[in-house]
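Shown next, in structure tokens, is the structure this report addresses.
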Amino acid sequence: MRLLNILALLPLLFLLTAPPLCAQVTFGSSGEEGEPFRRQQWRVPSPDTDIAARALLFRPVGTGPFRLAVIAHASTQNGLRRAQMPQPEYRALAAFLVARGFAVLVPERLGHGATGGRYVEDQGGCDEADYAHSGRATAEEISLALDYLLKQDFIRKDAAIVLGHSAGGWGALALANADPKVIAAIIALAPGRGGHANDEANRICAPHTLTAAAAEFGKAARIPVTWLVASNDSYFAPPFSRSLADGFRGGRGKVDFRTLPAVGSEGHWMVETEAGVRAASNELDRALTPVTAKKP
């Protein structure tokens, strides 16, 4: 009889000792500063209120306030690859920006790596891809992270910049409708979605739909965009990238389109390398000059 009583109490004991299903989500720094450039883990808001997105923060020496730069990472439609993605760092690009006085946040978006959660920026199937939806979803995630950092004492409340790579760049284009007093400039690095369809170079899912979405983003744009693509980019080659930029510009968006020299075997990833950032440095400085010239 005693054994039966113990067995009956086991479910109650489990409920009392089990961790809560919905632990409280906390934001902010989650580790000590390290090298290089005061590298520190952070947690920032995401569209899922139950999930804090992981992020890396780099910043110059001193107390600030520093201008903020947010780097939005590339993505993939392949769920397994997304789950296995290491935390995005863009260390060479971050070093470039820190040297120019920026605090640099690199947030990981939902559905990627250790952050996990639902992939809210899914574009759908190849033939019926909804690029406008995916861009806006990415823009929302960038905006949530940026807005949270702007509340920190060591960050200036104005003249932030957003740099987006590939799908992150596509989201940055969708964010060009934000307040230009808050975001002073957008640098889109090989922006787009649907490239390498079925893992084939120079094949893009529904390219006309992508161009139409670029024009849609351009209609609402208020922030100037610098659009950079390498000459050996096989995801969004310069001729196609220029047509995308023309679509954005035709929607009344302001674009400075530049083609960069070939770096490595695949120019789409050049911004993730030291050599690629060096090759892009003049154009990056050109894009940053109006921002860094602004006084606090």
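Residues are referred to by chain and number: the chain letter is A, B, ... according to the order shown in the structure tokens, the number counts from 1 in that chain, and ligands are numbered separately from 1 in the order shown.
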
Test item, strand (DSSP E) assignment across range 234-277 of chain A, answer as a CSV table (one decimal) with C-alpha atoms, in the first residue's frame:
```csv
chain,number,residue,atom,x,y,z
A,255,VAL,CA,20.9,54.2,-54.2
A,256,ASP,CA,24.6,54.5,-54.7
A,257,PHE,CA,25.4,51.3,-56.6
A,258,ARG,CA,29.0,50.1,-56.7
A,259,THR,CA,30.7,47.0,-58.1
A,260,LEU,CA,33.7,45.7,-56.1
```

Long-range neighbours of range 70-83 of chain A as a PyMOL selection string, 9 Å cut-off, only C-alpha atoms, 4 positions minimum in chain
chain A and resi 88-90+93-94+103-109+111-116+119+122-124+138+142+145-146+160-169+171-172+191+193-194

Pick from A:Leu149, A:Val263, A:Trp269, A:Ala220 nearest to Ala190 in chain A, counting only C-alpha atoms
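Under the stated criterion, the closest residue is A:Trp269.
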
By how many Å are CA of Ala99 in chain A and CA of Glu272 in chain A apart?
17.0 Å

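Proximity to Asp285 in chain A was assessed for A:Ile187, A:Ala53, A:Val182, A:Leu244 counting only C-alpha atoms; the smallest distance is recorded for A:Ile187.
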
Among range 94-238 of chain A, which ones does DSSP place in helix (DSSP H, G or I), written as a PyMOL selection string?
chain A and resi 94-98+131-150+167-177+197-199+207-220+238
